[in-house]
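Enquirer: The following block contains the structure, expressed as structure tokens.
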Amino acid sequence: QLQLVESGGGLVQPGGSLRLSCTASGFALNAYAIGWFRQAPGKEREGVSCIGSAGDSTKYADSVKGRFTISRDNAKNMVYLQMNSLKPEDTGVYYCATDKARGLWTIVAATLKPSSYDNWGQGTQVTVSS
């Protein structure tokens, strides 16, 4: 079974930064569009950002535009989420996953709906608090 592994979470003060990483166990990420999601306690999982397999197309939720940047390094089999100007409402468990569209993915049809993704990782906790 394909599995993604997230890392880089932690406790940070409001206004601070964190960089999350996502890698794959046993398979190459370069064939997949990847999405980042988060889930706060008592809330549904929500999409944060996604990136195409080549890394040249990205999409962001309105709540993180201008603060978060998604990127990838296919040579290192890694996808990143740089998070700046963090707010307490960014707190949650962050997950990465592969888009089910596979080779049919396009930025025009890209979605941040969790139901459109699979091969979820275990998540990494991000806590923004003073």
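The chains in the structure tokens are called A, B, ... from first to last as shown; in each chain the residues are counted from 1, and the ligands are counted from 1 in the order shown.
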Do you know which residues are at most 10 Å from A:Ala61 counting only C-alpha atoms, after dropping those on the same chain fewer than 3 positions away, and could you put them as a VMD selection string?
Expert: chain A and resid 37 46 to 50 64 to 65 68 111 to 112
Enquirer: With only C-alpha atoms as the counted atoms, please give the residues lying no more than 12 Å from A:Thr127, apart from itself and same-chain residues fewer than 5 positions off, as a list in words.
Expert: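 Skipping anything fewer than 5 positions along the chain leaves Gly8, Gly9, Gly10, Leu11, Val12, Gln13, Pro14, Gly16, Ser17, Leu18, Arg38, Gln39, Ala40, Pro41, Leu86, Lys87, Pro88, Glu89, Asp90, Thr91, Gly92, Val93 and Tyr94 of chain A.
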Enquirer: If you count only C-alpha atoms, which residues fall within 8 Å of A:Leu20, apart from same-chain ones fewer than 3 positions away, as a list in words?
Expert: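 That gives Glu6, Ser7, Gly8, Gly9, Tyr80, Leu81, Gln82 and Met83 of chain A.
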Enquirer: With only C-alpha atoms as the basis for distance, which of A:Gly35, A:Gly42, A:Gly52, A:Gly66 is at the shortest distance from A:Ser21?
Expert: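 Closest candidate: A:Gly35.
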Enquirer: Which residues, written as a list in words, have at least one atom at most 6 Å from stretch 98-110 of chain A, with only C-alpha atoms counted and residues fewer than 5 positions away on the same chain left out?
Expert: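 Residues near the query, excluding close chain neighbours: Tyr32, Ala33, Ile34, Ser116, Tyr117, Asp118 and Asn119 of chain A.
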Enquirer: Please report, as a count of residues only, each residue of chain A to which DSSP assigns strand (DSSP E) when run on this structure's backbone.
Expert: 58
Enquirer: Hey, which of A:Ala97, A:Trp120, A:Lys76, A:Gly26 ends up closest to A:Ile51? Count only C-alpha atoms.
Expert: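 For A:Ile51, the nearest of the candidates is A:Ala97.
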Enquirer: I'd like to know which of A:Gly15, A:Glu44, A:Ala31, A:Asp56 is closest to A:Ser130, using only C-alpha atoms.
Expert: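 Of A:Gly15, A:Glu44, A:Ala31, A:Asp56, the one nearest A:Ser130, counting only C-alpha atoms, is A:Gly15.
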Enquirer: Just checking: using only C-alpha atoms, which residue out of A:Leu29, A:Val126, A:Ala54, A:Leu4 ends up closest to A:Asn77?
Expert: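 Nearest candidate to A:Asn77 out of A:Leu29, A:Val126, A:Ala54, A:Leu4: A:Leu29.
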Enquirer: Have a look at A:Ser57, A:Lys43, A:Gln3, A:Ser129 and name the one nearest to A:Cys22; count only C-alpha atoms.
Expert: A:Gln3
Enquirer: Suppose you want the space between atom CA of A:Met78 and atom CA of A:Ser63; what is it in Å?
Expert: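 So the answer is 23.9 Å.
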Enquirer: Taking only C-alpha atoms into account, name the residue in A:Ala24, A:Val128, A:Leu2, A:Cys96 that is nearest to A:Pro114.
Expert: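 Looking at the shortest contact to A:Pro114, the residue is A:Cys96.
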Enquirer: Quick one, how far is atom CA of A:Gln122 from atom CA of A:Ser85?
Expert: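 One can read the atom CA of A:Gln122 to atom CA of A:Ser85 distance as 24.8 Å.
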